[in-house]
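> Below is a structure I'd like to ask you about.
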Amino acid sequence: MPKSSTKSVRSQKTARTTLQALDYYTDCSRQGMLYAALIRSPAASGIITNISIPQMPDGYFLFTARDIPGRNTVRTQNADTPVFCADRVSYFGEPIGIVAGPDESQVYELTSEIEVTFDSSTLESALESVAKKYTHPVIKLPDTEQKPDAKQILEITKAMNLDPSFVVQPPAAITAEPRIPSQSENTGAVIAQRIVKTGLFSDDAPNVYESVFKSADFDISETWVQDTEQPSWTETNGAFCFMENGIMNIFTPTQWPNYLRKAVSVSLNLDNEKIFIRETNSSGHDANGIWRNATLAIQTAVAAYLTGKPVKLTLSRDEHQKFMKSGVPAKIHYRTAVMKDGSITAVKADITIDVGSCNPFAQEILDRLVIAVCNIYDIPNICITAKAVTSTNPPTSIFPEMIDSQAFFAAENHLQLIAEETNILPADIRLKNICSNQKNIKMPFIFHTEKAESVLNNVIAMSDFNRKYTTFRIDAKQHRNSEDTFFALPIRGIGLTCAFDGSGYFGNDIFSGSQKIAVTLESDNAVTIHSLVPSPSISEIWIKTVSAILKLPPSAVKITPDMEINDVMPLPDNIYSNISIMTHLLTQCSLEIAKKREKTQLPLTVKKGLGPSMKKQWNKSDFRGIPFHTTSFGAAVVEIELDPYTYKERIKGIWLTVDCGRIFSLHAIENTLRLSIQQELSQLVADETIVCDGLHISFIQSEDNPGQIGEIVHNTVPAAFSSALSQALSARICSLPCTAETIYSQGDTA
């Protein structure tokens, strides 16, 4: 285990700030509070030539980029994004200003009266945006084969607030075809890429690719897409801000308070010490977009700073869904060379992700997908080509816990396809290609998943997978060939998947190694963990860990989100609070206190953090090694049943086996997994929550360091569901979420 950087100091009274509030920002209010709403661009691209501002009633305000006291940019890693768009629009709905006033309904009415004029050369882009029916739902594009008349042109240009002189142009000048954006608009640009080649592919010899696939018994290709939405939020994104005694107070569900404070400081031209961030309750780790929440907070803070009044900005449901969508759409294409015995000799994988107009974390997202795209299978020859491309969609964000889920969805569905093509059981395909001896591993990525075979064997035995898979496959063939459906039995299918959940990614220059924590043993033998409060399940683990080492009752241990301003974490909470690294550091603090408590006067505080030596396990320049501090592993089986007449789906059972190291609270971890499964069932089929008859969860006993399990369900259940659905329908389901219409049409065809 790499050495930790340590510091042992006496506890002393210092200036501290509470970083977390106990309420939602939407519950916050203050006398004289103003409501705010954003003015959004009605076009996906184009150059703004003018913003026509109506006569604002007394007590109402409008601010744009020119009103910002400091810089109109938010710096995230190496990317700059505007607080308010000042000239060229990058995506439909981009904020170009903010209106604030005492009556919320009046504020929204004023935003609809503000006219934005665009350069006439961008008309086609504007027309495309009208079709989205967001700002002007009554305007429709003309038929592509019928040119609009002068009246239609006038209506469209008025709705889009284009230069009126364009109306004199002949009708032939307008088409409904989307305009091809120029490279200067940074649309369609590749902003990140990663290429990994091993084995025969690493030499780049002529015709090597075709020769490898021609020499195999099976050459199997398919493209897979997963773009499921996370569960709906109880609270949309936004912020509540006010100035008091020269201090800007910001209440918002940020996951990155240190970054937000610096960003606000730049835009308001205020010192860091005059900005206090109150981290309110979040509706979920995917609800605020990590860095994207900062823009909303700054926009609100600008209004509060300039008006001198408290201001609350709350996105509508429609705004949140359109402009704060979680995740990054990804398309993954596989081509695999497979032998008769089921061994995979080569994989060529192409990954493309749409990051919207901007994503400062595009490279990390891409790298994590590349690391996961072959899962834990030891394939001798691989060629992975990955690229991140911009578009006129809203900026995307990063969700570290679920970055690689799309890679697992593609990899595990493709394994199921290989099983069908080779007539080998899916379980045997997986066991055949797992590396049993890490000393002989051919893959460039090494994971601590030594119990993978035990996990797979356990879930297979629990679910009776092999027998059911064979039986359901025979049933599916009989159903497909049968013409008598009046007395048809339910159509069944079963799917198997496995995936890891890595915590503490070493490939990030900014975040890796920044984790630190402090523990204080008070004079009355109470223990304080100085940390942002993690999830309830992790909090329980931390308290039990400390109480066991220091031989104190759990009631004597508390987690307090207080720390000196200079100690505020420079990284997002969901990275800061990962169970693997932080629990390791907490354990080291407790062990040192236990060692020194008899010889040192109380109170005693011990701080620990991970130094750069930990990153040596991962060779970033060669892109190989051990990418994660700790890796959990899980396998899932989903059995599905379809009504033979309506093709209404029902899950007969879900079986899940997990190896996550030492377990401190079995009850808490089971509840976490059950909740995750229930949430997942609402995402698999659009506008439906699938009924599940039974959940069966088991664990592999281990004394290894505890690992996180937050996304094991999200990494396994979707692929198991689509594999089961594919078997039942005798049709390949290559993307999720699917729709009830898709299931019915595929089943009716079968």
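Chains: A, B, ... in order of the structure tokens. Residues: from 1 per chain. Ligands: from 1, in order shown.
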Name all residues at most 7 Å from segment 100-105 of chain A (count only C-alpha atoms; drop same-chain ones fewer than 5 positions away) and give them as a list of chain:residue names.
A:Met33, A:Leu34, A:Tyr35, A:Ala36, A:Ala37, A:Gly59, A:Tyr60, A:Phe61, A:Leu62
> Using N, CA, C and O atoms, can you export the residues from the last selection as a CSV table (one decimal), in the first residue's frame?

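Produced file result-v1.csv, reproduced below:
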chain,number,residue,atom,x,y,z
A,33,MET,N,-37.4,39.2,-1.5
A,33,MET,CA,-36.8,38.3,-2.5
A,33,MET,C,-37.4,38.5,-3.9
A,33,MET,O,-38.6,38.7,-4.0
A,34,LEU,N,-36.5,38.4,-4.9
A,34,LEU,CA,-37.0,38.5,-6.3
A,34,LEU,C,-36.9,37.1,-6.9
A,34,LEU,O,-36.0,36.3,-6.6
A,35,TYR,N,-37.8,36.8,-7.8
A,35,TYR,CA,-37.8,35.6,-8.6
A,35,TYR,C,-37.1,35.9,-10.0
A,35,TYR,O,-37.2,37.0,-10.5
A,36,ALA,N,-36.3,34.9,-10.5
A,36,ALA,CA,-35.6,35.1,-11.7
A,36,ALA,C,-35.9,34.0,-12.7
A,36,ALA,O,-36.3,32.9,-12.3
A,37,ALA,N,-35.8,34.4,-14.0
A,37,ALA,CA,-36.0,33.4,-15.1
A,37,ALA,C,-35.0,33.8,-16.2
A,37,ALA,O,-34.6,35.0,-16.4
A,59,GLY,N,-39.3,47.8,-10.3
A,59,GLY,CA,-39.0,46.7,-9.4
A,59,GLY,C,-38.5,45.5,-10.2
A,59,GLY,O,-38.2,44.4,-9.6
A,60,TYR,N,-38.5,45.6,-11.5
A,60,TYR,CA,-38.1,44.4,-12.4
A,60,TYR,C,-36.8,44.8,-13.1
A,60,TYR,O,-36.6,45.9,-13.5
A,61,PHE,N,-36.0,43.8,-13.3
A,61,PHE,CA,-34.6,44.0,-13.8
A,61,PHE,C,-34.3,43.0,-14.9
A,61,PHE,O,-34.8,41.9,-14.9
A,62,LEU,N,-33.5,43.4,-15.8
A,62,LEU,CA,-32.9,42.6,-16.9
A,62,LEU,C,-31.4,42.8,-17.0
A,62,LEU,O,-31.0,43.9,-17.1
> Using only C-alpha atoms for the distances, tell me which of A:Arg492, A:His530, A:Arg71, A:Arg30 is nearest to Ile651 of chain A.
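Checking each candidate against Ile651 of chain A, we get A:Arg492 as the closest.
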> If we count only C-alpha atoms, what is near Ala556 of chain A at a cut-off of 9 Å, once residues fewer than 2 positions away on the same chain are taken out, given as an mmCIF file with all heavy atoms, in the first residue's frame?

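Output contents, as saved in result-v9.cif:
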data_model
loop_
_atom_site.group_PDB
_atom_site.id
_atom_site.type_symbol
_atom_site.label_atom_id
_atom_site.label_comp_id
_atom_site.auth_asym_id
_atom_site.auth_seq_id
_atom_site.Cartn_x
_atom_site.Cartn_y
_atom_site.Cartn_z
ATOM 1 N N ASN A 525 -13.687 12.054 24.886
ATOM 2 C CA ASN A 525 -13.687 10.794 24.134
ATOM 3 C C ASN A 525 -14.751 10.741 23.033
ATOM 4 O O ASN A 525 -15.053 9.654 22.526
ATOM 5 C CB ASN A 525 -13.840 9.581 25.055
ATOM 6 C CG ASN A 525 -12.507 9.157 25.643
ATOM 7 O OD1 ASN A 525 -11.458 9.364 25.023
ATOM 8 N ND2 ASN A 525 -12.536 8.579 26.831
ATOM 9 N N ALA A 526 -15.312 11.885 22.682
ATOM 10 C CA ALA A 526 -16.157 11.945 21.490
ATOM 11 C C ALA A 526 -15.240 12.089 20.277
ATOM 12 O O ALA A 526 -14.128 12.599 20.375
ATOM 13 C CB ALA A 526 -17.120 13.119 21.577
ATOM 14 N N VAL A 527 -15.719 11.614 19.129
ATOM 15 C CA VAL A 527 -14.913 11.646 17.908
ATOM 16 C C VAL A 527 -15.654 12.451 16.843
ATOM 17 O O VAL A 527 -16.850 12.244 16.613
ATOM 18 C CB VAL A 527 -14.632 10.227 17.376
ATOM 19 C CG1 VAL A 527 -13.820 10.297 16.076
ATOM 20 C CG2 VAL A 527 -13.884 9.406 18.412
ATOM 21 N N THR A 528 -14.927 13.372 16.213
ATOM 22 C CA THR A 528 -15.490 14.169 15.124
ATOM 23 C C THR A 528 -14.738 13.859 13.838
ATOM 24 O O THR A 528 -13.508 13.970 13.788
ATOM 25 C CB THR A 528 -15.388 15.675 15.425
ATOM 26 O OG1 THR A 528 -16.082 15.961 16.643
ATOM 27 C CG2 THR A 528 -15.995 16.486 14.283
ATOM 28 N N ILE A 543 -18.856 5.558 10.559
ATOM 29 C CA ILE A 543 -19.044 5.582 12.012
ATOM 30 C C ILE A 543 -18.684 4.233 12.626
ATOM 31 O O ILE A 543 -18.005 4.162 13.667
ATOM 32 C CB ILE A 543 -20.497 5.979 12.342
ATOM 33 C CG1 ILE A 543 -20.728 7.457 11.991
ATOM 34 C CG2 ILE A 543 -20.812 5.718 13.812
ATOM 35 C CD1 ILE A 543 -22.163 7.905 12.107
ATOM 36 N N SER A 547 -15.606 3.665 15.344
ATOM 37 C CA SER A 547 -15.970 3.150 16.671
ATOM 38 C C SER A 547 -15.305 1.812 16.950
ATOM 39 O O SER A 547 -14.907 1.526 18.094
ATOM 40 C CB SER A 547 -17.487 3.021 16.794
ATOM 41 O OG SER A 547 -17.988 2.071 15.863
ATOM 42 N N LEU A 552 -15.085 2.658 20.830
ATOM 43 C CA LEU A 552 -16.054 3.602 21.364
ATOM 44 C C LEU A 552 -17.421 3.276 20.795
ATOM 45 O O LEU A 552 -17.531 2.698 19.710
ATOM 46 C CB LEU A 552 -15.674 5.045 20.978
ATOM 47 C CG LEU A 552 -14.375 5.587 21.566
ATOM 48 C CD1 LEU A 552 -14.032 6.927 20.922
ATOM 49 C CD2 LEU A 552 -14.492 5.746 23.078
ATOM 50 N N PRO A 553 -18.491 3.624 21.509
ATOM 51 C CA PRO A 553 -19.835 3.364 20.956
ATOM 52 C C PRO A 553 -20.077 4.224 19.724
ATOM 53 O O PRO A 553 -19.561 5.349 19.629
ATOM 54 C CB PRO A 553 -20.764 3.762 22.108
ATOM 55 C CG PRO A 553 -19.970 4.704 22.949
ATOM 56 C CD PRO A 553 -18.550 4.246 22.853
ATOM 57 N N PRO A 554 -20.855 3.736 18.766
ATOM 58 C CA PRO A 554 -21.150 4.526 17.560
ATOM 59 C C PRO A 554 -21.751 5.897 17.866
ATOM 60 O O PRO A 554 -21.553 6.847 17.104
ATOM 61 C CB PRO A 554 -22.139 3.641 16.798
ATOM 62 C CG PRO A 554 -21.822 2.253 17.249
ATOM 63 C CD PRO A 554 -21.438 2.384 18.695
ATOM 64 N N LYS A 558 -19.382 11.368 15.273
ATOM 65 C CA LYS A 558 -20.235 12.209 14.423
ATOM 66 C C LYS A 558 -19.425 12.742 13.246
ATOM 67 O O LYS A 558 -18.200 12.881 13.316
ATOM 68 C CB LYS A 558 -20.833 13.371 15.215
ATOM 69 C CG LYS A 558 -19.806 14.358 15.748
ATOM 70 C CD LYS A 558 -20.471 15.505 16.494
ATOM 71 C CE LYS A 558 -19.422 16.487 17.031
ATOM 72 N NZ LYS A 558 -20.049 17.638 17.738
#
> Looking at only C-alpha atoms, which of A:Leu656, A:Leu586, A:Ile96, A:Ile247 is the one that sits closest to Ser539 of chain A?
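Looking only at the distances to Ser539 of chain A, the closest residue turns out to be A:Leu586.
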> If we count only C-alpha atoms, what is near Cys734 of chain A at a cut-off of 9 Å, once residues fewer than 5 positions away on the same chain are taken out, given as a PDB file with C-alpha atoms, in the first residue's frame?

ATOM      1  CA  GLU A 222     -23.099  -4.911 -34.039  1.00  0.00           C
ATOM      2  CA  THR A 223     -23.695  -1.351 -32.820  1.00  0.00           C
ATOM      3  CA  TRP A 224     -25.095  -0.639 -29.345  1.00  0.00           C
ATOM      4  CA  VAL A 225     -26.598   2.509 -27.811  1.00  0.00           C
ATOM      5  CA  GLN A 226     -27.696   3.187 -24.248  1.00  0.00           C
ATOM      6  CA  ALA A 410     -22.486  -2.691 -25.236  1.00  0.00           C
ATOM      7  CA  ASN A 413     -25.017  -7.418 -25.024  1.00  0.00           C
ATOM      8  CA  SER A 722     -32.152  -6.125 -23.159  1.00  0.00           C
ATOM      9  CA  SER A 726     -33.935 -10.045 -27.286  1.00  0.00           C
TER      10      SER A 726
END
> Identify, on the basis of only C-alpha atoms, every residue whose closest approach to Val302 of chain A does not exceed 9 Å; exclude the query and any residue fewer than 4 positions from it along the same chain; express the result as an MDAnalysis selection string.
chainID A and resid 63 67:69 241 264 267:268 297:298 306:307
> Any chance you could export the current selection's C-alpha atoms as a PDB file, in the first residue's frame?

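What ended up in selection-v2.pdb:
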ATOM      1  CA  PHE A  63     -29.238  41.760 -17.085  1.00  0.00           C
ATOM      2  CA  ASP A  67     -23.845  43.916 -17.054  1.00  0.00           C
ATOM      3  CA  ILE A  68     -21.565  41.320 -15.434  1.00  0.00           C
ATOM      4  CA  PRO A  69     -19.117  43.113 -13.069  1.00  0.00           C
ATOM      5  CA  CYS A 241     -28.374  34.196  -3.556  1.00  0.00           C
ATOM      6  CA  VAL A 264     -18.250  33.397  -8.762  1.00  0.00           C
ATOM      7  CA  SER A 267     -17.551  36.854 -12.578  1.00  0.00           C
ATOM      8  CA  LEU A 268     -18.463  39.208  -9.726  1.00  0.00           C
ATOM      9  CA  ALA A 297     -25.453  29.917  -9.514  1.00  0.00           C
ATOM     10  CA  ILE A 298     -23.361  32.668 -11.124  1.00  0.00           C
ATOM     11  CA  LEU A 306     -26.602  44.092  -9.113  1.00  0.00           C
ATOM     12  CA  THR A 307     -30.037  44.499  -7.498  1.00  0.00           C
TER      13      THR A 307
END
